[in-house]
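Colleague: Here you go, one structure.
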Amino acid sequence: MIWATYATLGYRMWTYRKAPKSFTFEEEAWKSLVRCAKDKGLNMIILDLGEGVQWKSHPEISIEGAWSHEKVKEEVLRLREMGIELIPKMNFSACHHLWLGEYRLMMCTHTYYTVCRDLIEEAYEMFLHPSYIHLGMDEEGSETQFKIYDHIVNYRKGDIYWHDYKYLTDCVRELGATPWVWGDSAIDDYEGFRKAVTPEDDLIVNPWWYHAWKEEHFNRLDSREDWFCHLKTHPELTYFEELHARTMEGYRTLAKDGYKLVPCGSFLGRDEWCFDDLLDEFRGLCKKENLLGFMTAPWRHTRVENIPLIEEDFEYLRKAREKYFPENK
């Protein structure tokens with residue numbers, strides 16, 4: 001099974017933030033993260049690239065100090081020797097494509113499609129023909145997220161979104177890799193998702209939820225101190241129970257309909273039941289052949305100061321794995 005974590009190389013992923021002017025990734029933190037992943041039994045790291053590699057096809061995207069192709073290949077091979085597969089991630093969602101620079105404002109144009117294909121093909125070669133390429137595609141058009149990202153004016157909906165979704169996933173398939181996406185769009189528009197993607201298609205979906213699933217463990221969003229900042233400016237988020245119920249229903253439908261899943265949790269919200277409930281839920285929901293593994297997303301940049309929190313995240317996933325999948329210790 002896949003036991004994966006998300007990690008950042010670049011950091012220009014969030015459109016509501018100012019783009020960093022320097023390469024903020026720390027090598028020492030990366031080495032610690034990899035060692036901890038190995039110690040906790042993880043066998044895959046999904047690395048968000050953004051501006052953090054020296055793109056040859058479009059060097060204007062890269063930042064000074066970014067990893068060279070040679071450096072990426074060295075890390076791919078080093079991690080392979082450790083039993084860890086390094087997977088490239090490029091987020092093409094309108095919420096998370098600040099890294100694309102001026103191209104983010106050219107969505108649905110010939111130039112945009114050419115750039116996307118160039119970057120996907122380059123990443124595939126740079127990562128020595130990985131099994132998967134993660135395309136992101138989360139939060140675009142989601143009602144809740146666009147109440148938070150209320151400055152965004154350029155995004156796709158309906159048939160245009162699904163056209164681009166298919167284009168990007170086909171770019172990956174044509175290389176011989178499997179496309180991988182977050183599960184948001186399946187929740188927001190399941191009818192459109194079913195038309196664009198069948199369970200038989202070569203695609204992995206990440207259902208993600210960073211809170212407990214079971215009613216006896218679930219807490220309201222506005223009871224969490226770390227979310228008060230959102231609630232002050234977005235009182236509409238007090239309908240969190242409804243969002244929770246809709247998310248649970250959507251992900252259970254994905255599992256019932258036979259899509260290939262790698263559910264993702266996180267200790268970001270400091271919810272001690274997140275991974276426990278996640279693994280217990282999906283081991284009963286999915287047929288064995290459709291549950292490809294599990295993933296964590298600490299959502300902490302690769303900096304030394306964040307390593308203790310990342311290690312804590314890995315440990316919660318390890319404990320849940322040993323409880324519910326002891327054969328995968």
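Each chain in the structure tokens gets a letter, A, B, ..., in the order shown, and its residues are numbered from 1; ligands are numbered from 1 in order too.
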Quick one: residues within 9 Å of Lys214 of chain A, only C-alpha atoms, excluding same-chain residues fewer than 5 positions away - as a ChimeraX atom specification?
Modeller: /A:273,277,281
Colleague: The selected residues should be written to file as a PDB file, in the first residue's frame (atoms: N, CA and C atoms).
Modeller:
```pdb
ATOM      1  N   TRP A 273      -8.240  12.579  16.496  1.00  0.00           N
ATOM      2  CA  TRP A 273      -9.020  11.481  15.941  1.00  0.00           C
ATOM      3  C   TRP A 273      -8.970  11.428  14.419  1.00  0.00           C
ATOM      4  N   ASP A 277      -9.954   7.871  12.695  1.00  0.00           N
ATOM      5  CA  ASP A 277     -11.257   7.761  12.035  1.00  0.00           C
ATOM      6  C   ASP A 277     -11.113   7.544  10.537  1.00  0.00           C
ATOM      7  N   GLU A 281     -12.611   4.321   8.712  1.00  0.00           N
ATOM      8  CA  GLU A 281     -13.726   4.563   7.787  1.00  0.00           C
ATOM      9  C   GLU A 281     -13.486   3.918   6.433  1.00  0.00           C
TER      10      GLU A 281
END
```
Colleague: Within 6 Å of segment 201-206 of chain A, which residues of segment 242-315 of chain A come that close, and what is the closest atom pair and distance in Å for each? Count only C-alpha atoms and give it as CSV.
Modeller:
```
residue,atom,partner,partner_atom,distance
A:Lys260,CA,A:Ile204,CA,5.3
A:Leu261,CA,A:Val205,CA,5.0
A:Val262,CA,A:Asn206,CA,5.1
A:Pro263,CA,A:Asn206,CA,5.2
```
Colleague: Any idea what the distance is between atom CA of Arg156 of chain A and atom CA of His96 of chain A?
Modeller: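 Computing it gives 13.0 Å between the two atoms.
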Colleague: Using only C-alpha atoms, which residues sit within 10 Å of Val76 of chain A once same-chain residues fewer than 5 positions away are excluded, as a PDB file with all heavy atoms, in the first residue's frame?
Modeller:
```
ATOM      1  N   GLU A  70      19.603  18.028 -12.088  1.00  0.00           N
ATOM      2  CA  GLU A  70      20.549  17.055 -11.548  1.00  0.00           C
ATOM      3  C   GLU A  70      20.274  16.801 -10.063  1.00  0.00           C
ATOM      4  O   GLU A  70      20.332  15.658  -9.594  1.00  0.00           O
ATOM      5  CB  GLU A  70      21.981  17.555 -11.746  1.00  0.00           C
ATOM      6  CG  GLU A  70      22.443  17.587 -13.195  1.00  0.00           C
ATOM      7  CD  GLU A  70      21.767  18.683 -14.023  1.00  0.00           C
ATOM      8  OE1 GLU A  70      21.321  19.711 -13.434  1.00  0.00           O
ATOM      9  OE2 GLU A  70      21.664  18.504 -15.252  1.00  0.00           O
ATOM     10  N   LYS A  71      19.989  17.857  -9.325  1.00  0.00           N
ATOM     11  CA  LYS A  71      19.693  17.721  -7.901  1.00  0.00           C
ATOM     12  C   LYS A  71      18.421  16.894  -7.699  1.00  0.00           C
ATOM     13  O   LYS A  71      18.359  16.019  -6.823  1.00  0.00           O
ATOM     14  CB  LYS A  71      19.522  19.107  -7.274  1.00  0.00           C
ATOM     15  CG  LYS A  71      19.007  19.107  -5.839  1.00  0.00           C
ATOM     16  CD  LYS A  71      19.984  18.466  -4.870  1.00  0.00           C
ATOM     17  CE  LYS A  71      19.485  18.611  -3.438  1.00  0.00           C
ATOM     18  NZ  LYS A  71      20.367  17.924  -2.458  1.00  0.00           N
ATOM     19  N   GLU A  81      16.636   4.309  -2.945  1.00  0.00           N
ATOM     20  CA  GLU A  81      17.473   3.378  -2.189  1.00  0.00           C
ATOM     21  C   GLU A  81      16.957   3.195  -0.769  1.00  0.00           C
ATOM     22  O   GLU A  81      17.200   2.165  -0.140  1.00  0.00           O
ATOM     23  CB  GLU A  81      18.915   3.877  -2.161  1.00  0.00           C
ATOM     24  CG  GLU A  81      19.616   3.814  -3.516  1.00  0.00           C
ATOM     25  CD  GLU A  81      21.054   4.273  -3.456  1.00  0.00           C
ATOM     26  OE1 GLU A  81      21.495   4.685  -2.347  1.00  0.00           O
ATOM     27  OE2 GLU A  81      21.744   4.224  -4.490  1.00  0.00           O
ATOM     28  N   ILE A  84      11.680   4.816  -0.681  1.00  0.00           N
ATOM     29  CA  ILE A  84      10.701   5.902  -0.765  1.00  0.00           C
ATOM     30  C   ILE A  84      10.630   6.403  -2.204  1.00  0.00           C
ATOM     31  O   ILE A  84      11.652   6.740  -2.805  1.00  0.00           O
ATOM     32  CB  ILE A  84      11.087   7.074   0.162  1.00  0.00           C
ATOM     33  CG1 ILE A  84      11.109   6.614   1.622  1.00  0.00           C
ATOM     34  CG2 ILE A  84      10.118   8.247  -0.016  1.00  0.00           C
ATOM     35  CD1 ILE A  84      11.630   7.659   2.584  1.00  0.00           C
ATOM     36  N   GLU A  85       9.420   6.449  -2.772  1.00  0.00           N
ATOM     37  CA  GLU A  85       9.252   6.982  -4.117  1.00  0.00           C
ATOM     38  C   GLU A  85       8.943   8.474  -4.038  1.00  0.00           C
ATOM     39  O   GLU A  85       8.063   8.899  -3.282  1.00  0.00           O
ATOM     40  CB  GLU A  85       8.123   6.258  -4.850  1.00  0.00           C
ATOM     41  CG  GLU A  85       8.001   6.689  -6.317  1.00  0.00           C
ATOM     42  CD  GLU A  85       7.020   5.855  -7.115  1.00  0.00           C
ATOM     43  OE1 GLU A  85       6.322   5.005  -6.521  1.00  0.00           O
ATOM     44  OE2 GLU A  85       6.958   6.040  -8.343  1.00  0.00           O
ATOM     45  N   LEU A  86       9.670   9.267  -4.806  1.00  0.00           N
ATOM     46  CA  LEU A  86       9.477  10.712  -4.834  1.00  0.00           C
ATOM     47  C   LEU A  86       8.609  11.067  -6.038  1.00  0.00           C
ATOM     48  O   LEU A  86       8.964  10.768  -7.185  1.00  0.00           O
ATOM     49  CB  LEU A  86      10.829  11.415  -4.917  1.00  0.00           C
ATOM     50  CG  LEU A  86      10.842  12.937  -4.691  1.00  0.00           C
ATOM     51  CD1 LEU A  86      10.272  13.298  -3.328  1.00  0.00           C
ATOM     52  CD2 LEU A  86      12.266  13.474  -4.822  1.00  0.00           C
ATOM     53  N   ILE A  87       7.460  11.702  -5.762  1.00  0.00           N
ATOM     54  CA  ILE A  87       6.451  11.987  -6.781  1.00  0.00           C
ATOM     55  C   ILE A  87       6.333  13.493  -6.981  1.00  0.00           C
ATOM     56  O   ILE A  87       6.199  14.240  -6.008  1.00  0.00           O
ATOM     57  CB  ILE A  87       5.079  11.418  -6.347  1.00  0.00           C
ATOM     58  CG1 ILE A  87       5.162   9.892  -6.167  1.00  0.00           C
ATOM     59  CG2 ILE A  87       3.989  11.795  -7.338  1.00  0.00           C
ATOM     60  CD1 ILE A  87       5.493   9.144  -7.422  1.00  0.00           C
ATOM     61  N   MET A 126      12.413  14.745 -15.303  1.00  0.00           N
ATOM     62  CA  MET A 126      13.235  15.144 -14.171  1.00  0.00           C
ATOM     63  C   MET A 126      13.149  14.122 -13.032  1.00  0.00           C
ATOM     64  O   MET A 126      14.131  13.842 -12.345  1.00  0.00           O
ATOM     65  CB  MET A 126      12.768  16.520 -13.686  1.00  0.00           C
ATOM     66  CG  MET A 126      13.753  17.265 -12.819  1.00  0.00           C
ATOM     67  SD  MET A 126      13.040  18.804 -12.115  1.00  0.00           S
ATOM     68  CE  MET A 126      12.065  19.441 -13.473  1.00  0.00           C
ATOM     69  N   PHE A 127      11.959  13.558 -12.824  1.00  0.00           N
ATOM     70  CA  PHE A 127      11.745  12.602 -11.741  1.00  0.00           C
ATOM     71  C   PHE A 127      11.932  11.155 -12.197  1.00  0.00           C
ATOM     72  O   PHE A 127      11.496  10.225 -11.530  1.00  0.00           O
ATOM     73  CB  PHE A 127      10.359  12.807 -11.134  1.00  0.00           C
ATOM     74  CG  PHE A 127      10.300  13.933 -10.138  1.00  0.00           C
ATOM     75  CD1 PHE A 127      10.356  15.248 -10.555  1.00  0.00           C
ATOM     76  CD2 PHE A 127      10.217  13.677  -8.774  1.00  0.00           C
ATOM     77  CE1 PHE A 127      10.317  16.300  -9.639  1.00  0.00           C
ATOM     78  CE2 PHE A 127      10.174  14.708  -7.852  1.00  0.00           C
ATOM     79  CZ  PHE A 127      10.227  16.031  -8.294  1.00  0.00           C
ATOM     80  N   LEU A 128      12.586  10.995 -13.336  1.00  0.00           N
ATOM     81  CA  LEU A 128      12.977   9.672 -13.839  1.00  0.00           C
ATOM     82  C   LEU A 128      11.767   8.749 -14.002  1.00  0.00           C
ATOM     83  O   LEU A 128      11.747   7.611 -13.533  1.00  0.00           O
ATOM     84  CB  LEU A 128      14.021   9.041 -12.912  1.00  0.00           C
ATOM     85  CG  LEU A 128      15.297   9.880 -12.719  1.00  0.00           C
ATOM     86  CD1 LEU A 128      16.225   9.219 -11.711  1.00  0.00           C
ATOM     87  CD2 LEU A 128      16.015  10.099 -14.047  1.00  0.00           C
ATOM     88  N   PRO A 130       8.289   8.859 -12.981  1.00  0.00           N
ATOM     89  CA  PRO A 130       7.570   8.429 -11.773  1.00  0.00           C
ATOM     90  C   PRO A 130       6.278   7.696 -12.111  1.00  0.00           C
ATOM     91  O   PRO A 130       5.729   7.833 -13.211  1.00  0.00           O
ATOM     92  CB  PRO A 130       7.276   9.761 -11.065  1.00  0.00           C
ATOM     93  CG  PRO A 130       7.186  10.753 -12.189  1.00  0.00           C
ATOM     94  CD  PRO A 130       8.227  10.324 -13.175  1.00  0.00           C
TER      95      PRO A 130
END
```
Colleague: Ranking A:Lys31, A:His97, A:Lys157, A:His69 by minimum distance to Gly50 of chain A and counting only C-alpha atoms, which one comes first?
Modeller: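 Comparing A:Lys31, A:His97, A:Lys157, A:His69 against Gly50 of chain A, the winner is A:His97.
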Colleague: Can you list, as a ChimeraX atom specification, every protein, DNA or RNA residue that comes within 9 Å of segment 161-178 of chain A when you count only C-alpha atoms, leaving out same-chain residues fewer than 3 positions away?
Modeller: /A:92,107-108,113,116-117,120-121,124,129-135,137,140,155-158,181,192-193,195-197,202-204
Colleague: Could you check the closest approach to Gly41 of chain A for each of A:Glu102, A:Asp257, A:Glu272, A:Glu315 and tell me which residue wins, using only C-alpha atoms?
Modeller: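 Selected residue with least distance to Gly41 of chain A: A:Glu315.
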Colleague: Would you list, as a PyMOL selection string, the residues of segment 146-202 of chain A that end up in strand (DSSP E or B) under DSSP run on this structure's backbone?
Modeller: chain A and resi 178-182
Colleague: Write to file, as a PDB file, in the first residue's frame, the residues of the selection just made, with C-alpha atoms.
Modeller:
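The resulting part-v2.pdb:
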```
ATOM      1  CA  THR A 178      -1.065   7.929 -13.534  1.00  0.00           C
ATOM      2  CA  PRO A 179      -2.640  11.325 -12.793  1.00  0.00           C
ATOM      3  CA  TRP A 180      -3.465  12.121  -9.172  1.00  0.00           C
ATOM      4  CA  VAL A 181      -5.857  14.846  -7.952  1.00  0.00           C
ATOM      5  CA  TRP A 182      -7.469  16.107  -4.762  1.00  0.00           C
TER       6      TRP A 182
END
```
Colleague: DSSP says alpha helix (DSSP H) for which residues of segment 15-109 of chain A? Put them as a PyMOL selection string?
Modeller: chain A and resi 27-39+69-81
Colleague: Between atom CA of Ala7 of chain A and atom CA of Val304 of chain A, what is the distance in Å, rounded to a tenth?
Modeller: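 Between atom CA of Ala7 of chain A and atom CA of Val304 of chain A the gap is 13.0 Å.
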Colleague: Quick one, how far is atom CA of Ala29 of chain A from atom CA of Arg303 of chain A?
Modeller: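 These two atoms are separated by 5.2 Å.
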Colleague: Which is closer to Trp30 of chain A than all the others in A:Met248, A:Cys95, A:Ile307, A:Ala212, using only C-alpha atoms?
Modeller: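 Result for the nearest residue to Trp30 of chain A: A:Ile307.
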Colleague: Residues near Leu98 of chain A, anyone? I mean within 9 Å using only C-alpha atoms, not counting same-chain ones fewer than 3 positions away, as an MDAnalysis selection string.
Modeller: chainID A and resid 12:17 19 50 94:95 101:102 104
Colleague: Output C-alpha atoms for every residue in that selection, as a CSV table (one decimal), in the first residue's frame.
Modeller:
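Writing done, so here's part_16.csv:
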```
chain,number,residue,atom,x,y,z
A,12,ARG,CA,4.1,30.0,-4.3
A,13,MET,CA,1.0,27.9,-4.1
A,14,TRP,CA,-1.5,30.1,-2.4
A,15,THR,CA,-2.9,33.1,-4.2
A,16,TYR,CA,-3.8,35.0,-1.0
A,17,ARG,CA,-0.1,35.1,0.1
A,19,ALA,CA,5.0,35.4,-3.4
A,50,GLY,CA,6.1,25.3,-7.9
A,94,ALA,CA,-6.9,28.6,-9.7
A,95,CYS,CA,-6.5,28.9,-5.9
A,101,GLY,CA,3.5,33.6,-12.7
A,102,GLU,CA,1.9,35.4,-15.6
A,104,ARG,CA,-1.9,31.8,-14.2
```
